[in-house]
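In what follows, a single structure is set out as structure tokens and then discussed.
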Amino acid sequence: GQSLEQPSEVTAVEGAIVQINCTYQTSGFYGLSWYQQHDGGAPTFLSYNALDGLEETGRFSSFLSRSDSYGYLLLQELQMKDSASYFCAVRDSNDYKLSFGAGTTVTVRA
Amino acid sequence: SQTIHQWPATLVQPVGSPLSLECTVEGTSNPNLYWYRQAAGRGLQLLFYSVGIGQISSEVPQNLSASRPQDRQFILSSKKLLLSDSGFYLCAWSRTGITGELFFGEGSRLTVL
């Protein structure tokens with residue numbers, strides 16, 4: 001099976017930088033994904049890392065270290081609209097399922 | 001372009017009543033299909049996934065079942081709902097093969113009373 005750990009809450013001010021860490025344990029690993037979910041809405045895909053290193057997409061970046069079973073999502077130049085829950089998810093190499101962490105609630109203050 | 005729809009968006013059901021949630025995907029063929037449930041303020045729990053017609057994998061023993069009668073249709077059912085079945089149900093699809101990108105439907109919020 002899989003287990004993922006991420007912080008439950010993070011609070012920051014507009015314009016700040018937030019890093020959400022995710023550590024995982026899985027019998028077989030294929031990749032790490034990140035999703036954003038606004039209150040009452042459905043999750044939307046942000047990024048996917050299958051190889052070690054940093055992937056940058058606009059203000060958001062995602063990092064993976066396979067040897068450390070660790071990744072993070074970096075949110076830069078925080079805006080009020082970034083207030084949401086963020087989930088890491090792992091793809092097991094043995095099948096097609098995607099298992100999610102419990103989520104990190106990010107609150108952006110003015 | 002690909003789209004995913006699920007319905008109904010909201011429903012309130014009494015304990016012991018049946019349930020049927022439907023999900024359809026358009027604009028792609030042979031997608032992988034998923035049903036997740038999310039309790040209030042919690043993460044996403046994978047319930048079922050399917051890689052083809054009639055192929056259903058169950059992740060958690062539940063009072064629920066899933067079926068895939070057509071390539072792009074995924075149905076979640078229950079014969080008798082329990083209070084613990086309340087939650088936000090999300091259908092999702094991904095492209096064939098191994099990928100980390102899921103596309104979610106709008107969700108169905110179920111309250112069992």
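Residues in the structure tokens are named by chain (A, B, ... in the order shown) and by number from 1 within that chain; ligands are numbered from 1 in the order shown.
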message: Show me, as an MDAnalysis selection string, every residue of chain A with an atom at most 6 Å from chain B, counting only C-alpha atoms.
response: chainID A and resid 33 42 48 100 102:103
Resulting file, chosen residues, N, CA, C and O atoms, as a compact mmCIF listing (two decimals), in the first residue's frame:
# COMPACT_ATOMS: atom_id res chain seq x y z
N SER A 33 2.34 13.57 -7.97
CA SER A 33 1.50 14.63 -8.53
C SER A 33 1.06 15.59 -7.44
O SER A 33 1.06 15.26 -6.26
N ALA A 42 -13.87 20.76 -7.22
CA ALA A 42 -13.17 19.52 -7.53
C ALA A 42 -11.67 19.80 -7.62
O ALA A 42 -11.25 20.92 -7.92
N TYR A 48 3.28 17.12 -12.21
CA TYR A 48 3.62 15.70 -12.08
C TYR A 48 5.13 15.56 -12.24
O TYR A 48 5.69 16.07 -13.22
N PHE A 100 -3.91 9.61 -2.73
CA PHE A 100 -3.76 11.00 -2.30
C PHE A 100 -3.39 11.10 -0.82
O PHE A 100 -3.80 10.28 0.00
N ALA A 102 -3.55 13.57 2.74
CA ALA A 102 -4.71 14.14 3.43
C ALA A 102 -4.93 15.61 3.08
O ALA A 102 -5.99 16.16 3.38
N GLY A 103 -3.93 16.23 2.47
CA GLY A 103 -4.11 17.61 2.02
C GLY A 103 -3.54 18.65 2.98
O GLY A 103 -3.48 18.42 4.19
- Message: Excluding Gly27 of chain B and its own-chain neighbours fewer than 5 positions away, which residues fall within 10 Å of it when counting only C-alpha atoms? Please give them as a PyMOL selection string.
- Response: chain B and resi 1-4+72
What does the file look like for those residues with C-alpha atoms, as an mmCIF file, in the first residue's frame?
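part-v1.cif was written with the following content:
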data_model
loop_
_atom_site.group_PDB
_atom_site.id
_atom_site.type_symbol
_atom_site.label_atom_id
_atom_site.label_comp_id
_atom_site.auth_asym_id
_atom_site.auth_seq_id
_atom_site.Cartn_x
_atom_site.Cartn_y
_atom_site.Cartn_z
ATOM 1 C CA SER B 1 -11.451 18.656 -26.174
ATOM 2 C CA GLN B 2 -12.230 16.216 -23.408
ATOM 3 C CA THR B 3 -14.979 16.774 -20.873
ATOM 4 C CA ILE B 4 -16.290 14.854 -17.895
ATOM 5 C CA ARG B 72 -16.837 6.203 -21.275
#
Of B:Ser58, B:Arg95, B:Leu64, B:Thr10, the one sitting nearest Thr28 of chain B when using only C-alpha atoms is B:Arg95
Inset, instruction - Taking the chain letters and numbering used in this document, name the residues of chain A that DSSP puts in strand (DSSP E), as a ChimeraX atom specification. - result: /A:2-5,9-13,18-26,31-37,44-49,53-57,60-65,70-75,84-91,98-100,104-109
Got a sec: who's within 10 Å of Pro69 of chain B, counting only C-alpha atoms, leaving out chain neighbours fewer than 4 positions off, as a VMD selection string? chain B and resid 52 to 55 73 to 75
- Selection near Trp7 of chain B, 7 Å with only C-alpha atoms, sequence-local residues under 2 positions removed, as an MDAnalysis selection string: chainID B and resid 5 9 21:23 108
In terms of only C-alpha atoms, the residue from B:Val60, B:Leu11, B:Leu19, B:Leu81 at minimal distance from Arg37 of chain B is B:Val60
